[in-house]
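A.B. asks: Just one file: my_file_30.txt, with compact mmCIF, C-alpha atoms.
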# COMPACT_ATOMS: atom_id res chain seq x y z
CA MET A 39 141.32 134.23 60.58
CA LYS A 40 144.89 134.82 59.42
CA GLY A 41 144.50 138.59 59.96
CA ARG A 42 143.28 138.15 63.55
CA THR A 43 146.12 135.80 64.44
CA GLY A 44 148.62 138.24 62.98
CA MET A 45 147.09 141.15 64.95
CA ASN A 46 147.09 139.10 68.18
CA VAL A 47 150.74 138.18 67.70
CA LEU A 48 151.52 141.83 66.98
CA ARG A 49 149.68 142.90 70.17
CA VAL A 50 151.57 140.35 72.28
CA VAL A 51 154.91 141.43 70.80
CA ALA A 52 154.06 145.12 71.27
CA ALA A 53 152.98 144.51 74.88
CA GLY A 54 156.21 142.60 75.53
CA VAL A 55 158.36 145.34 74.03
CA LEU A 56 156.48 147.99 76.05
CA ALA A 57 156.85 146.01 79.28
CA PHE A 58 160.56 145.50 78.59
CA ALA A 59 161.02 149.23 77.91
CA ILE A 60 159.19 150.28 81.08
CA ALA A 61 160.79 147.74 83.47
CA PRO A 62 164.34 149.18 83.41
CA ALA A 63 163.01 152.69 83.99
CA LYS A 64 161.10 151.55 87.08
CA ALA A 65 163.90 149.36 88.40
CA GLY A 66 166.57 152.01 87.96
CA SER A 67 164.60 155.06 88.99
CA SER A 68 165.86 154.96 92.58
CA GLY A 69 169.35 156.07 91.44
CA SER A 70 168.01 159.19 89.76
CA ALA A 71 165.64 159.90 92.65
CA ALA A 72 168.45 159.51 95.17
CA PHE A 73 170.72 161.78 93.11
CA GLU A 74 168.00 164.45 93.03
CA GLN A 75 167.69 164.12 96.82
CA LEU A 76 171.44 164.65 97.20
CA LYS A 77 171.33 167.66 94.88
CA SER A 78 168.75 169.25 97.20
CA LEU A 79 171.37 169.21 99.97
CA ALA A 80 173.57 171.78 98.19
CA GLY A 81 174.72 174.30 100.78
CA HIS A 82 176.57 174.58 104.09
CA TRP A 83 175.79 172.16 106.94
CA GLU A 84 176.96 171.96 110.57
CA THR A 85 176.71 169.28 113.21
CA GLU A 86 174.03 169.52 115.84
CA LYS A 87 175.17 171.04 119.12
CA SER A 88 174.85 167.65 120.87
CA ASN A 89 177.69 166.10 118.86
CA THR A 90 181.06 166.03 120.62
CA ASP A 91 183.27 166.62 117.56
CA LYS A 92 182.59 169.64 115.38
CA ALA A 93 182.10 168.94 111.70
CA THR A 94 180.86 170.89 108.72
CA LEU A 95 179.83 169.79 105.26
CA ASP A 96 179.73 171.85 102.12
CA LEU A 97 177.85 170.27 99.24
CA GLU A 98 177.80 171.74 95.77
CA LEU A 99 176.88 170.72 92.27
CA THR A 100 179.81 170.36 89.91
CA ALA A 101 180.58 169.11 86.39
CA GLY A 102 177.52 170.75 84.89
CA GLY A 103 175.21 169.27 87.54
CA THR A 104 176.33 165.69 86.87
CA ALA A 105 178.08 165.29 90.23
CA VAL A 106 177.76 166.47 93.82
CA ILE A 107 180.99 167.20 95.67
CA GLU A 108 180.96 167.07 99.47
CA ARG A 109 183.75 168.65 101.48
CA ALA A 110 183.80 167.49 105.08
CA HIS A 111 185.82 169.39 107.66
CA ILE A 112 186.15 167.49 110.91
CA THR A 113 187.88 168.76 114.03
CA GLU A 114 189.38 166.01 116.17
CA SER A 115 191.63 166.81 119.13
CA GLY A 116 191.98 170.41 117.97
CA LYS A 117 193.10 169.45 114.47
CA THR A 118 190.89 169.95 111.40
CA VAL A 119 191.02 167.41 108.59
CA GLU A 120 189.25 167.51 105.25
CA MET A 121 187.76 164.64 103.28
CA ILE A 122 185.99 164.71 99.94
CA THR A 123 183.12 162.53 98.74
CA LEU A 124 181.96 162.65 95.14
CA TYR A 125 178.44 161.42 94.27
CA TYR A 126 177.51 160.62 90.67
CA LEU A 127 175.31 158.45 88.49
CA ASP A 128 176.81 155.52 86.61
CA GLY A 129 173.95 154.88 84.21
CA ASP A 130 171.06 154.97 86.66
CA GLN A 131 173.09 153.60 89.59
CA LEU A 132 174.04 156.18 92.22
CA LYS A 133 177.64 155.80 93.35
CA LEU A 134 180.07 157.57 95.61
CA THR A 135 183.82 157.68 95.87
CA HIS A 136 185.08 158.76 99.28
CA TYR A 137 188.56 160.32 99.46
CA CYS A 138 189.38 159.38 103.03
CA MET A 139 191.94 160.58 105.54
CA ALA A 140 192.86 156.87 105.88
CA GLY A 141 194.56 157.27 102.48
CA ASN A 142 192.24 155.11 100.41
CA GLN A 143 189.27 155.78 98.16
CA PRO A 144 186.32 153.40 98.61
CA THR A 145 183.60 153.34 95.97
CA MET A 146 180.07 152.35 96.98
CA HIS A 147 176.75 151.99 95.19
CA GLY A 148 173.57 153.44 96.65
CA ILE A 149 170.11 151.99 97.18
CA TYR A 150 167.35 154.52 97.85
CA ALA A 151 164.22 153.71 99.86
CA PRO A 152 161.89 156.71 99.44
CA ASP A 153 159.32 155.29 101.90
CA THR A 154 161.87 155.50 104.75
CA LYS A 155 163.82 158.42 103.24
CA THR A 156 167.05 156.44 103.51
CA LEU A 157 169.92 156.06 101.11
CA THR A 158 172.18 153.09 101.85
CA PHE A 159 175.62 152.76 100.28
CA GLU A 160 177.37 149.38 99.99
CA PHE A 161 181.10 148.84 99.37
CA GLU A 162 182.17 147.85 95.85
CA GLY A 163 185.93 148.29 96.00
CA ALA A 164 188.67 150.79 96.76
CA THR A 165 191.87 152.20 95.38
CA ASN A 166 194.98 152.30 97.59
CA LEU A 167 193.60 149.46 99.73
CA LYS A 168 196.46 146.97 99.93
CA SER A 169 194.46 144.31 101.74
CA PRO A 170 190.82 143.76 102.76
CA ASN A 171 192.17 143.92 106.34
CA ASP A 172 193.21 147.57 105.93
CA GLY A 173 190.90 150.11 107.52
CA HIS A 174 188.40 151.77 105.19
CA MET A 175 184.89 153.18 105.06
CA HIS A 176 182.69 150.26 104.07
CA HIS A 177 179.05 151.28 104.46
CA ALA A 178 177.06 154.51 104.79
CA VAL A 179 173.42 155.36 105.44
CA TYR A 180 171.88 158.77 104.84
CA THR A 181 168.51 159.52 106.42
CA PHE A 182 166.73 162.60 105.08
CA LEU A 183 164.82 164.05 108.05
CA ASP A 184 163.49 167.25 106.48
CA ASN A 185 164.74 170.10 104.25
CA ASP A 186 167.07 171.37 106.99
CA HIS A 187 168.24 168.15 108.72
CA PHE A 188 169.81 164.87 107.65
CA LYS A 189 171.69 162.11 109.44
CA THR A 190 174.66 160.07 108.27
CA THR A 191 176.00 156.82 109.66
CA TRP A 192 179.35 155.76 108.23
CA THR A 193 180.84 152.36 109.13
CA PHE A 194 184.62 151.87 109.21
CA ARG A 195 185.87 148.32 108.64
CA LYS A 196 189.25 146.93 109.69
CA ASP A 197 190.46 143.32 109.72
CA GLN A 198 187.30 142.46 107.75
CA LYS A 199 185.08 143.42 110.71
CA ASP A 200 183.13 146.58 111.45
CA ALA A 201 185.40 148.59 113.77
CA PHE A 202 183.22 151.65 114.52
CA THR A 203 180.44 153.84 113.19
CA GLU A 204 180.19 157.61 113.00
CA ASP A 205 176.64 158.90 113.54
CA VAL A 206 176.21 162.58 112.75
CA THR A 207 173.12 164.73 112.34
CA TYR A 208 173.61 167.84 110.21
CA VAL A 209 171.64 171.08 110.26
CA ARG A 210 171.50 173.43 107.28
CA ALA A 211 173.30 176.69 108.18
CA LYS A 212 171.22 179.76 107.47
Rewrite the coordinates I just gave you, this time as structure tokens.
C.D. replies:
Amino acid sequence: MKGRTGMNVLRVVAAGVLAFAIAPAKAGSSGSAAFEQLKSLAGHWETEKSNTDKATLDLELTAGGTAVIERAHITESGKTVEMITLYYLDGDQLKLTHYCMAGNQPTMHGIYAPDTKTLTFEFEGATNLKSPNDGHMHHAVYTFLDNDHFKTTWTFRKDQKDAFTEDVTYVRAK
């Protein structure tokens, strides 16, 4: 009887340890999956012809494949500006830091929904943001349409309210 009780306790403990070991992998897997999705975007992208402002994106792997750097070139009123966004994993949490033409650098964490092919980034904090009322990028959604198209929606917040959104669909340049 003592042997059976000991084996049952051992089975319960082993099952608990196994469940505990598997749970973080499942819960955190969306960060790695989202990062792999971003890596697949490496290349040169242009806005669709229907967009009023011309923009291009160049995405490339950097730092030994541990980060994706995005260089955005946007032409507004005949003037081209560049912004940089760096995507990386912090553990298994996908994050971005956006180096904005507004002069601040918001950091956001991403949540990936593979069933809808969307990656939603939520604001965590920012450097060079003197007050929460200062204008900054606060939210972003990436929708992966197919291998050659994706859409971004970035939300700019000022005075602690959403001020405007930028919706852009990009096409892979061939």
A.B. asks: Mind giving me the straight-line distance from atom CA of Ala211 of chain A to atom CA of Thr158 of chain A in Å, one decimal?
C.D. replies: 24.5 Å
A.B. asks: Atom CA of Thr123 of chain A and atom CA of Thr145 of chain A are how many Å apart?
C.D. replies: 9.6 Å
A.B. asks: Give me, please, the distance in Å between atom CA of Gly81 of chain A and atom CA of Leu95 of chain A, quoted to one decimal.
C.D. replies: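 Interatomic distance here is 8.2 Å.
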A.B. asks: Per residue of segment 71-169 of chain A within 12 Å of segment 187-200 of chain A, record the nearest atom pair and its distance in Å to one decimal, counting only C-alpha atoms, with rows in chain order and ascending residue number, as CSV.
C.D. replies:
residue,atom,partner,partner_atom,distance
A:Gln75,CA,A:Phe188,CA,11.1
A:Leu76,CA,A:Phe188,CA,10.6
A:Ser78,CA,A:Phe188,CA,11.4
A:Leu79,CA,A:Phe188,CA,9.0
A:Gly81,CA,A:His187,CA,12.0
A:His82,CA,A:His187,CA,11.5
A:Trp83,CA,A:His187,CA,8.7
A:Glu84,CA,A:His187,CA,9.7
A:Thr85,CA,A:Lys189,CA,9.5
A:Glu86,CA,A:His187,CA,9.3
A:Asn89,CA,A:Lys189,CA,11.9
A:Leu95,CA,A:Thr190,CA,11.4
A:His136,CA,A:Trp192,CA,11.0
A:Cys138,CA,A:Phe194,CA,10.8
A:Met139,CA,A:Phe194,CA,12.0
A:Ala140,CA,A:Phe194,CA,10.2
A:Pro144,CA,A:Phe194,CA,10.8
A:Met146,CA,A:Trp192,CA,11.8
A:Lys155,CA,A:Phe188,CA,9.8
A:Thr156,CA,A:Lys189,CA,9.4
A:Leu157,CA,A:Thr190,CA,9.5
A:Thr158,CA,A:Thr191,CA,9.5
A:Phe159,CA,A:Trp192,CA,9.3
A:Glu160,CA,A:Thr193,CA,10.2
A:Phe161,CA,A:Thr193,CA,10.4
A:Leu167,CA,A:Lys196,CA,11.2
A:Ser169,CA,A:Asp197,CA,9.0
A.B. asks: If we draw a sphere of 7 Å around (172.7, 158.9, 95.2), which residues have at least one atom in it when counting only C-alpha atoms? Please report them as a ChimeraX atom specification.
C.D. replies: /A:69,72-73,76,125-126,132-133,148
A.B. asks: Let me make sure I understand: among A:His176, A:Asn142, A:Leu183, A:Glu108, which one has the smallest atom-to-atom distance to Glu204 of chain A if we use only C-alpha atoms?
C.D. replies: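 Checking each candidate against Glu204 of chain A, we get A:His176 as the closest.
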A.B. asks: Go through A:Ala93, A:Ile112, A:Ala101, A:Val106 and flag the residue nearest Ala80 of chain A, using only C-alpha atoms for the distances.
C.D. replies: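 Looking at the shortest contact to Ala80 of chain A, the residue is A:Val106.
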A.B. asks: In terms of the shortest atom-to-atom distance over all atoms listed in the file, which of A:Gly102, A:Pro170, A:Tyr137, A:Thr181 is closest to Val119 of chain A?
C.D. replies: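 Comparing A:Gly102, A:Pro170, A:Tyr137, A:Thr181 against Val119 of chain A, the winner is A:Tyr137.
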A.B. asks: Please determine, counting only C-alpha atoms, which residue among A:Gln131, A:Thr113, A:Asn185, A:Thr207 has the shortest atom-to-atom distance to Ser68 of chain A.
C.D. replies: A:Gln131
